[in-house]
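Novice: What follows is work28.txt, compact mmCIF, C-alpha atoms.
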```txt
# COMPACT_ATOMS: atom_id res chain seq x y z
CA MET A 596 0.00 0.00 0.00
CA THR A 597 1.05 3.54 -0.64
CA PRO A 598 1.92 5.44 2.57
CA GLU A 599 -0.70 7.95 3.56
CA ASN A 600 1.70 10.88 3.74
CA SER A 601 2.78 10.30 0.12
CA PHE A 602 -0.68 11.10 -1.23
CA ARG A 603 -1.00 14.57 -2.79
CA PRO A 604 -4.51 15.88 -3.62
CA PRO A 605 -4.87 17.05 -7.24
CA ASP A 606 -6.15 20.51 -6.26
CA LYS A 607 -2.94 21.51 -4.52
CA ILE A 608 -0.08 23.19 -6.39
CA ASN A 609 3.43 21.93 -6.02
CA PRO A 610 5.56 24.92 -4.84
CA ALA A 611 8.54 23.69 -6.82
CA ALA A 612 6.46 23.54 -10.01
CA GLN A 613 5.06 26.99 -9.30
CA ASN A 614 8.54 28.45 -8.90
CA LYS A 615 9.60 26.74 -12.09
CA GLY A 616 6.63 28.23 -13.94
CA GLU A 617 7.39 31.74 -12.68
CA GLN A 618 11.03 31.32 -13.65
CA GLN A 619 10.00 30.24 -17.16
CA LYS A 620 7.66 33.25 -17.40
CA ARG A 621 10.49 35.60 -16.46
CA THR A 622 12.69 33.92 -19.06
CA ASP A 623 9.99 34.42 -21.71
CA ASN A 624 9.75 38.09 -20.77
CA ARG A 625 13.48 38.48 -21.11
CA ASN A 626 13.29 36.89 -24.54
CA PHE A 627 10.79 39.47 -25.74
CA GLY A 628 12.28 41.40 -28.63
CA PHE A 629 14.36 38.49 -29.93
CA ARG A 630 13.94 36.02 -32.77
CA ARG A 631 15.70 32.71 -33.26
CA ASN A 632 17.92 32.16 -36.25
CA SER A 633 19.97 28.97 -36.61
CA GLY A 634 19.75 28.30 -32.86
CA LYS A 635 20.82 31.82 -31.92
CA ARG A 636 18.77 34.71 -30.62
CA ARG A 637 18.90 37.95 -32.57
CA ARG A 638 17.58 41.23 -31.25
CA TYR A 639 15.46 43.07 -33.79
CA TYR A 640 13.53 45.65 -31.78
CA ASN A 641 14.33 46.63 -28.21
CA LYS A 642 11.24 48.53 -27.17
CA GLN A 643 12.81 49.89 -24.00
CA GLN A 644 15.23 51.94 -26.14
CA ARG A 645 12.60 53.44 -28.39
CA PHE A 646 11.22 56.96 -28.33
CA GLU A 647 8.09 56.42 -26.25
CA THR A 648 6.29 58.92 -24.07
CA THR A 649 2.77 59.55 -22.89
CA ASP A 650 3.04 63.25 -23.79
CA ARG A 651 2.33 64.68 -27.19
CA VAL A 652 5.44 65.53 -29.21
CA LYS A 653 5.37 69.11 -30.50
CA THR A 654 7.23 70.31 -33.56
CA SER A 655 7.16 73.50 -35.60
CA PHE A 656 6.01 71.56 -38.67
CA LYS A 657 2.32 71.34 -39.47
CA LYS A 658 2.71 68.28 -41.69
CA ILE A 659 5.39 65.59 -42.01
CA SER A 660 5.98 63.57 -45.18
CA LEU A 661 7.64 60.16 -44.95
CA VAL A 662 9.24 59.03 -48.22
CA ILE A 663 10.00 55.30 -48.30
CA PRO A 664 11.65 53.82 -51.42
CA LEU A 665 11.30 50.05 -51.69
CA PHE A 666 12.21 47.19 -54.00
CA ASN A 667 10.92 43.65 -53.37
CA GLU A 668 9.98 44.19 -49.71
CA GLU A 669 6.62 42.40 -49.60
CA GLU A 670 7.25 40.87 -46.17
CA SER A 671 8.26 44.07 -44.41
CA VAL A 672 5.91 46.81 -45.68
CA VAL A 673 2.92 45.76 -43.55
CA PRO A 674 4.90 45.49 -40.27
CA LEU A 675 6.58 48.78 -41.17
CA SER A 676 3.22 50.52 -41.60
CA HIS A 677 2.16 49.34 -38.12
CA GLU A 678 5.40 50.62 -36.61
CA ILE A 679 4.98 53.99 -38.35
CA ARG A 680 1.47 54.44 -36.98
CA LYS A 681 2.62 53.69 -33.44
CA ALA A 682 5.77 55.81 -33.71
CA LEU A 683 3.98 58.88 -35.08
CA SER A 684 0.81 58.59 -32.99
CA LYS A 685 2.31 60.98 -30.41
CA LEU A 686 3.12 63.70 -32.94
CA GLU A 687 0.83 66.70 -32.91
CA SER A 688 1.60 67.25 -36.60
CA ASP A 689 -0.29 65.59 -39.43
CA TYR A 690 1.68 63.17 -41.56
CA GLU A 691 1.60 61.33 -44.85
CA VAL A 692 3.55 58.28 -46.00
CA LEU A 693 4.69 57.94 -49.61
CA PHE A 694 5.74 54.44 -50.62
CA ILE A 695 7.82 54.59 -53.80
CA ASP A 696 7.75 51.16 -55.42
CA ASP A 697 10.89 50.95 -57.55
CA GLY A 698 9.59 48.34 -59.99
CA SER A 699 9.22 45.48 -57.49
CA ARG A 700 8.71 42.03 -58.95
CA ASP A 701 7.05 40.49 -55.89
CA GLU A 702 3.81 41.36 -54.06
CA SER A 703 5.09 44.67 -52.65
CA LEU A 704 2.75 46.82 -54.75
CA LYS A 705 -0.24 44.70 -53.74
CA ARG A 706 0.64 45.09 -50.07
CA ILE A 707 1.02 48.88 -50.19
CA LYS A 708 -2.28 49.17 -52.08
CA GLU A 709 -3.99 47.25 -49.28
CA ILE A 710 -2.41 49.54 -46.69
CA GLY A 711 -3.62 52.62 -48.58
CA ARG A 712 -7.20 51.32 -48.73
CA THR A 713 -7.38 51.09 -44.93
CA ASP A 714 -5.49 54.33 -44.15
CA HIS A 715 -5.70 57.36 -46.45
CA ARG A 716 -2.44 58.76 -45.05
CA PHE A 717 -0.52 56.01 -46.85
CA LYS A 718 -0.03 56.70 -50.57
CA PHE A 719 2.14 55.12 -53.23
CA ILE A 720 3.89 55.71 -56.54
CA SER A 721 4.97 52.71 -58.58
CA PHE A 722 7.62 52.68 -61.33
CA GLN A 723 7.21 50.60 -64.46
CA LYS A 724 10.70 49.14 -63.91
CA ASN A 725 13.59 49.43 -61.48
CA PHE A 726 15.16 52.89 -61.86
CA GLY A 727 17.20 52.95 -58.63
CA LYS A 728 16.96 54.55 -55.22
CA SER A 729 17.94 58.03 -56.41
CA ALA A 730 15.05 58.15 -58.86
CA ALA A 731 12.65 56.91 -56.17
CA LEU A 732 13.79 59.60 -53.74
CA GLN A 733 13.60 62.33 -56.37
CA ILE A 734 9.98 61.50 -57.30
CA GLY A 735 9.14 61.21 -53.61
CA PHE A 736 10.61 64.65 -52.89
CA LYS A 737 8.67 66.09 -55.82
CA ASN A 738 5.33 64.74 -54.56
CA ALA A 739 5.83 65.34 -50.82
CA THR A 740 3.50 68.00 -49.41
CA GLY A 741 4.84 68.24 -45.84
CA ASP A 742 6.78 71.09 -44.26
CA ALA A 743 9.41 68.49 -43.31
CA VAL A 744 10.35 65.34 -45.22
CA VAL A 745 11.74 62.22 -43.58
CA THR A 746 13.22 59.30 -45.52
CA LEU A 747 13.75 55.77 -44.28
CA ASP A 748 14.31 52.36 -45.83
CA ALA A 749 11.55 49.76 -45.99
CA ASP A 750 13.57 46.78 -44.72
CA LEU A 751 12.78 47.44 -41.01
CA GLN A 752 16.42 48.20 -40.22
CA ASP A 753 15.58 51.90 -39.80
CA ASP A 754 13.49 52.58 -36.69
CA PRO A 755 10.46 54.91 -37.18
CA TYR A 756 10.67 55.81 -33.48
CA GLU A 757 13.72 57.92 -34.34
CA VAL A 758 11.65 60.34 -36.44
CA PRO A 759 10.84 62.73 -33.54
CA ASN A 760 14.56 62.91 -32.67
CA LEU A 761 15.40 63.95 -36.24
CA LEU A 762 12.64 66.56 -36.26
CA LYS A 763 13.95 68.03 -33.01
CA LYS A 764 17.26 68.75 -34.74
CA LEU A 765 15.44 70.58 -37.53
CA ASP A 766 13.63 72.64 -34.89
CA GLU A 767 17.06 73.70 -33.59
CA GLY A 768 17.63 75.47 -36.91
CA TYR A 769 19.31 72.85 -39.09
CA ASP A 770 18.11 72.21 -42.64
CA LEU A 771 19.10 68.54 -42.91
CA CYS A 772 19.60 65.98 -40.16
CA SER A 773 21.17 62.65 -41.11
CA GLY A 774 20.99 59.53 -38.98
CA TRP A 775 24.20 57.94 -37.76
CA LYS A 776 24.08 54.15 -37.48
CA LYS A 777 26.62 54.14 -34.68
CA LYS A 778 26.11 50.42 -33.99
CA ARG A 779 25.45 48.89 -37.39
CA GLN A 780 23.74 45.50 -37.63
CA ASP A 781 25.26 44.59 -41.00
CA PRO A 782 27.72 41.99 -42.31
CA PHE A 783 31.43 42.61 -41.75
CA ILE A 784 32.29 43.61 -45.35
CA LYS A 785 29.34 45.99 -45.71
CA LYS A 786 30.04 47.56 -42.33
CA TYR A 787 33.71 48.34 -42.86
CA SER A 788 33.52 49.24 -46.54
CA SER A 789 30.87 51.80 -45.54
CA LYS A 790 33.16 53.19 -42.83
CA PHE A 791 35.94 53.57 -45.40
CA PHE A 792 33.71 55.43 -47.87
CA ASN A 793 32.36 57.69 -45.15
CA PHE A 794 35.91 58.50 -44.06
CA VAL A 795 37.00 59.40 -47.61
CA THR A 796 33.86 61.45 -48.24
CA ARG A 797 34.29 63.29 -44.93
CA ILE A 798 37.88 64.21 -45.83
CA ILE A 799 37.11 65.36 -49.38
CA SER A 800 33.81 67.15 -48.70
CA GLY A 801 34.79 68.70 -45.37
CA ILE A 802 31.41 67.75 -43.85
CA LYS A 803 31.95 66.39 -40.34
CA ILE A 804 29.35 63.63 -40.18
CA HIS A 805 29.92 59.89 -39.84
CA ASP A 806 27.23 58.30 -42.02
CA PHE A 807 26.43 59.91 -45.37
CA ASN A 808 24.30 57.05 -46.70
CA CYS A 809 22.01 56.38 -43.75
CA GLY A 810 18.44 55.89 -44.97
CA LEU A 811 17.06 57.86 -42.02
CA LYS A 812 17.22 61.56 -42.83
CA ALA A 813 15.03 64.58 -42.13
CA TYR A 814 14.85 67.61 -44.41
CA ARG A 815 13.15 70.94 -44.44
CA LYS A 816 10.89 71.37 -47.45
CA GLU A 817 13.22 73.93 -49.00
CA VAL A 818 16.03 71.37 -49.14
CA VAL A 819 14.22 68.62 -51.05
CA LYS A 820 12.69 71.09 -53.50
CA ASN A 821 16.15 72.33 -54.49
CA LEU A 822 18.00 69.01 -54.67
CA LYS A 823 18.53 67.11 -57.92
CA VAL A 824 19.18 63.46 -57.08
CA TYR A 825 19.91 61.13 -59.99
CA GLY A 826 22.07 58.15 -60.87
CA GLU A 827 23.55 56.91 -57.58
CA LEU A 828 23.96 60.30 -55.91
CA HIS A 829 21.58 59.45 -53.06
CA ARG A 830 24.68 58.29 -51.16
CA TYR A 831 25.95 61.87 -51.08
CA ILE A 832 22.80 63.90 -50.44
CA PRO A 833 24.39 65.73 -47.46
CA VAL A 834 27.22 66.87 -49.76
CA LEU A 835 24.78 68.15 -52.38
CA ALA A 836 22.73 69.95 -49.73
CA LYS A 837 25.80 71.52 -48.14
CA TRP A 838 26.95 72.82 -51.52
CA GLU A 839 23.56 74.51 -51.97
CA GLY A 840 24.16 76.39 -48.71
CA PHE A 841 22.01 74.31 -46.32
CA SER A 842 23.17 73.41 -42.81
CA VAL A 843 23.79 69.71 -42.12
CA THR A 844 24.02 67.78 -38.85
CA GLU A 845 23.51 64.22 -37.58
CA VAL A 846 22.14 62.26 -34.60
CA PRO A 847 22.86 58.65 -33.58
CA VAL A 848 19.94 56.36 -34.46
CA GLN A 849 18.94 52.80 -33.66
CA HIS A 850 19.80 50.23 -36.34
CA HIS A 851 18.29 46.75 -36.44
CA PRO A 852 19.27 43.49 -38.15
CA ARG A 853 17.48 42.67 -41.38
CA ARG A 854 14.40 40.57 -40.60
CA TYR A 855 13.28 39.60 -44.10
CA GLY A 856 14.90 39.07 -47.47
CA LYS A 857 18.46 40.04 -48.26
CA THR A 858 20.40 43.19 -49.03
CA LYS A 859 20.02 44.69 -52.52
CA TYR A 860 23.65 45.83 -52.70
CA GLY A 861 26.52 43.63 -53.86
CA ILE A 862 30.26 43.98 -54.26
CA SER A 863 29.75 46.33 -57.23
CA ARG A 864 28.69 49.01 -54.74
CA PHE A 865 32.30 49.11 -53.49
CA PHE A 866 33.62 50.27 -56.89
CA LYS A 867 30.68 52.46 -57.82
CA GLY A 868 31.22 54.50 -54.68
CA PHE A 869 34.50 55.94 -55.96
CA ILE A 870 32.97 56.91 -59.30
CA ASP A 871 30.01 58.50 -57.55
CA LEU A 872 32.36 60.44 -55.30
CA LEU A 873 34.21 61.87 -58.31
CA THR A 874 30.84 62.78 -59.83
CA VAL A 875 29.79 64.58 -56.66
CA ILE A 876 33.07 66.52 -56.52
CA PHE A 877 32.65 67.70 -60.10
CA VAL A 878 28.93 68.46 -59.76
CA THR A 879 29.27 70.40 -56.51
CA ARG A 880 32.47 72.30 -57.26
CA TYR A 881 32.90 72.71 -61.01
CA ILE A 882 29.53 72.29 -62.73
CA LYS A 883 29.12 76.09 -62.96
CA ARG A 884 32.77 76.79 -63.72
CA PRO A 885 34.07 73.94 -65.92
CA MET A 886 37.07 76.01 -67.05
CA HIS A 887 38.49 75.79 -63.52
CA PHE A 888 38.57 72.00 -63.85
CA PHE A 889 39.38 71.27 -67.49
CA GLY A 890 41.48 74.41 -67.95
CA PHE A 891 43.60 73.60 -64.91
CA LEU A 892 44.30 70.05 -66.11
CA GLY A 893 44.94 71.33 -69.63
CA ILE A 894 47.47 73.91 -68.47
CA ILE A 895 49.35 71.32 -66.39
CA ALA A 896 49.53 68.84 -69.30
CA PHE A 897 50.56 71.56 -71.76
CA PHE A 898 53.25 72.89 -69.39
CA ILE A 899 54.78 69.45 -68.77
CA GLY A 900 54.77 68.71 -72.51
CA PHE A 901 56.41 72.08 -73.24
CA ILE A 902 59.21 71.32 -70.73
CA VAL A 903 59.80 67.86 -72.26
CA LEU A 904 59.99 69.23 -75.80
CA GLY A 905 62.20 72.12 -74.66
CA TYR A 906 64.65 69.67 -73.13
CA LEU A 907 64.69 67.56 -76.28
CA THR A 908 65.22 70.69 -78.39
CA VAL A 909 68.36 71.52 -76.39
CA LEU A 910 69.64 67.99 -76.96
CA TRP A 911 68.88 68.26 -80.70
CA ILE A 912 70.85 71.54 -80.90
CA GLN A 913 73.78 69.75 -79.23
CA GLY A 914 73.68 67.11 -81.96
CA VAL A 915 71.89 64.30 -80.13
CA PRO A 916 69.60 62.35 -82.52
CA LEU A 917 65.90 62.23 -81.51
CA SER A 918 64.60 59.63 -83.93
CA ASN A 919 64.27 56.85 -81.31
CA ARG A 920 63.38 58.92 -78.23
CA PRO A 921 59.98 57.99 -76.67
CA MET A 922 60.06 61.28 -74.73
CA LEU A 923 59.53 63.12 -78.02
CA PHE A 924 56.15 61.43 -78.51
CA LEU A 925 55.28 61.91 -74.83
CA GLY A 926 55.91 65.65 -75.06
CA MET A 927 53.84 65.97 -78.24
CA LEU A 928 51.00 63.96 -76.68
CA LEU A 929 50.92 66.09 -73.52
CA ILE A 930 50.74 69.32 -75.52
CA ILE A 931 47.90 67.99 -77.69
CA VAL A 932 45.95 66.68 -74.67
CA GLY A 933 46.49 69.96 -72.80
CA ALA A 934 45.15 72.00 -75.71
CA GLN A 935 42.10 69.71 -76.00
CA LEU A 936 41.29 69.93 -72.27
CA PHE A 937 41.59 73.72 -72.42
CA ALA A 938 39.21 73.79 -75.40
CA VAL A 939 36.70 71.58 -73.55
CA GLY A 940 36.79 74.00 -70.64
CA LEU A 941 36.07 76.95 -72.94
CA LEU A 942 33.13 75.12 -74.54
CA GLY A 943 31.78 74.29 -71.09
CA GLU A 944 31.93 77.94 -70.06
CA VAL A 945 30.00 78.94 -73.19
CA ILE A 946 27.28 76.36 -72.42
CA VAL A 947 26.99 77.47 -68.79
CA HIS A 948 26.83 81.13 -69.80
CA ASN A 949 23.95 80.49 -72.22
CA THR A 950 21.90 78.34 -69.82
CA MET A 951 22.19 80.34 -66.59
CA ASP A 952 19.00 81.77 -65.08
CA ASP A 953 17.58 82.70 -61.68
CA LYS A 954 16.55 79.10 -60.99
CA GLU A 955 20.20 78.21 -60.44
CA TYR A 956 20.18 80.00 -57.08
CA VAL A 957 18.49 79.08 -53.80
CA ILE A 958 16.79 82.15 -52.30
CA LYS A 959 16.54 82.10 -48.49
CA GLU A 960 14.37 85.19 -47.92
CA LYS A 961 12.70 87.83 -50.04
CA SER A 962 10.95 91.10 -49.21
```
Please lay out the structure from this file as structure tokens.
Specialist:
Amino acid sequence: MTPENSFRPPDKINPAAQNKGEQQKRTDNRNFGFRRNSGKRRRYYNKQQRFETTDRVKTSFKKISLVIPLFNEEESVVPLSHEIRKALSKLESDYEVLFIDDGSRDESLKRIKEIGRTDHRFKFISFQKNFGKSAALQIGFKNATGDAVVTLDADLQDDPYEVPNLLKKLDEGYDLCSGWKKKRQDPFIKKYSSKFFNFVTRIISGIKIHDFNCGLKAYRKEVVKNLKVYGELHRYIPVLAKWEGFSVTEVPVQHHPRRYGKTKYGISRFFKGFIDLLTVIFVTRYIKRPMHFFGFLGIIAFFIGFIVLGYLTVLWIQGVPLSNRPMLFLGMLLIIVGAQLFAVGLLGEVIVHNTMDDKEYVIKEKS
């Protein structure tokens, strides 16, 4: 027979089991904000670090426009729309969201149409094919109606809860506030190649910010209406804005690991960055004075060629034969190239002179 003191009625709770259940509950609470991936936990949104307050957030802007370029992001656009609603629910300003579908080949367009049917603040523009992020931003800037424009990527790595922090910087008097992904959640190669490009751009442009290509940026309306973003120049928007006379600053922002899909940028981005940087330098510094660029190079080439030929002329006078001297052809080539570069600079000046008008200048105030 079973001893009497070993009998446990079914309606009593074992204290050990209760403690175990409470411990498991605490463990589950600690795991909130993580997802499992290959047996490892990855943090994707830490809600304790977000911008949350029970008070209404006041800004000087009556309406905010969010411009979100996307390409094949069908899994992330719906969660992103929920996060945007929660993040901006405390703003006293009205807002609109412009999804720019850059020719997606998945169900992204269908998803953003469904979002727009349930919330009139969410609008979309869809390209016939993939034209690139610069084109998407440019059309978004053109159609934005807010006093301030905020851009962010659609892959859920940019946190919408950072929007009020960016707007606060604009209220301090800045024209453009760029996010700084201080702790990037990206692969090793992408992380450090980006640091290298940012370092080079910071040295050449003289703009003291750490992250030129962060998707999270806030602009005053005057900035986006005067920017011309094309090709791959979206990486250097702060440089273009600074050259137009606008003030630029940055704030550290939260960056999250990618939850869906994969990055749209490959190794080719590493090489394109240098070409884009040269383009930005020419566009911002010499587009209105091409003679300063081509004429300078032409004069240097012509001067070096003249010295080479002068040296060879002295040798020829002294009786040294020049028939098999490669320097003779080098000197002739440098003089020809120098003259051509100088001529290109003159033609550029003529074109600029005939196309200049008042639209080339950004007017700050007018009485």
Novice: What is the distance, in Å and to one decimal place, between atom CA of Leu892 of chain A and atom CA of Ile930 of chain A?
Specialist: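 Between atom CA of Leu892 of chain A and atom CA of Ile930 of chain A the gap is 11.4 Å.
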Novice: Atom CA of Thr740 of chain A and atom CA of Glu691 of chain A, how far apart in Å?
Specialist: 8.3 Å
Novice: Which is closer to Phe791 of chain A than all the others in A:Glu827, A:Phe694, A:His805, A:Phe719, using all atoms listed in the file?
Specialist: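 Nearest to Phe791 of chain A: A:His805.
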Novice: Quick one: everything within 8 Å of Phe889 of chain A, counting all atoms listed in the file, minus sequence neighbours fewer than 3 positions away in the same chain. Send it as a PyMOL selection string.
Specialist: chain A and resi 885-886+892-893+936-937+939-940
Novice: Just the residues within 8 Å of Val673 of chain A, please, counting all atoms listed in the file, with nothing from its chain fewer than 5 positions along; format it as a list in words.
Specialist: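 My list of contacting residues is Arg706, Ile707 and Ile710 of chain A.
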Novice: Take atom CA of Val932 of chain A and atom CA of Pro916 of chain A and report the distance between them in Å, one decimal.
Specialist: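 Result for atom CA of Val932 of chain A versus atom CA of Pro916 of chain A: 25.3 Å, one decimal.
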Novice: List every protein, DNA or RNA residue that has an atom no more than 12 Å from (10.0, 57.3, -52.8) in the file's coordinate frame, counting all atoms listed in the file, and report them as a PyMOL selection string.
Specialist: chain A and resi 660-666+692-698+718-722+726-739+744-749+810+824+829
Novice: Could you work out an axis-aligned box for segment 878-892 of chain A, taking every atom the file lists and adding 8 Å on each side, and report centre and edge lengths in Å to one decimal, as JSON?
Specialist:
```
{"center_x": 36.6, "center_y": 72.6, "center_z": -62.2, "size_x": 31.4, "size_y": 24.3, "size_z": 27.4}
```
Novice: Using all atoms listed in the file, which of the listed residues (A:Lys708, A:His887, A:Lys764, A:Arg716) sits closest to Ile679 of chain A?
Specialist: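 Smallest separation from Ile679 of chain A among the options: A:Arg716.
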Novice: Would you list the contacts of Thr844 of chain A as a ChimeraX atom specification, taking every protein, DNA or RNA residue within 9 Å and counting all atoms listed in the file, but skipping same-chain residues closer than 6 positions in sequence?
Specialist: /A:764,769-774,802-804,833
Novice: Restricting the calculation to only C-alpha atoms, which member of A:Lys705, A:Arg830, A:Lys777, A:Lys820 is positioned closest to Val672 of chain A?
Specialist: A:Lys705
Novice: Ranking A:Asn793, A:Ser699, A:Asn725, A:Ser800 by minimum distance to Thr879 of chain A and counting all atoms listed in the file, which one comes first?
Specialist: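 The answer is A:Ser800, which sits nearest to Thr879 of chain A.
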Novice: Select, from A:Glu678, A:Pro782, A:Arg815, A:Ile832, the residue with the minimum atom-to-atom distance to Asp766 of chain A, counting all atoms listed in the file.
Specialist: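 Between A:Glu678, A:Pro782, A:Arg815, A:Ile832, the residue approaching Asp766 of chain A most closely is A:Arg815.
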Novice: Would you mind telling me which residue in A:Gln780, A:Val909, A:Val947, A:Leu941 lies nearest to Arg853 of chain A when using all atoms listed in the file?
Specialist: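 Between A:Gln780, A:Val909, A:Val947, A:Leu941, the residue approaching Arg853 of chain A most closely is A:Gln780.
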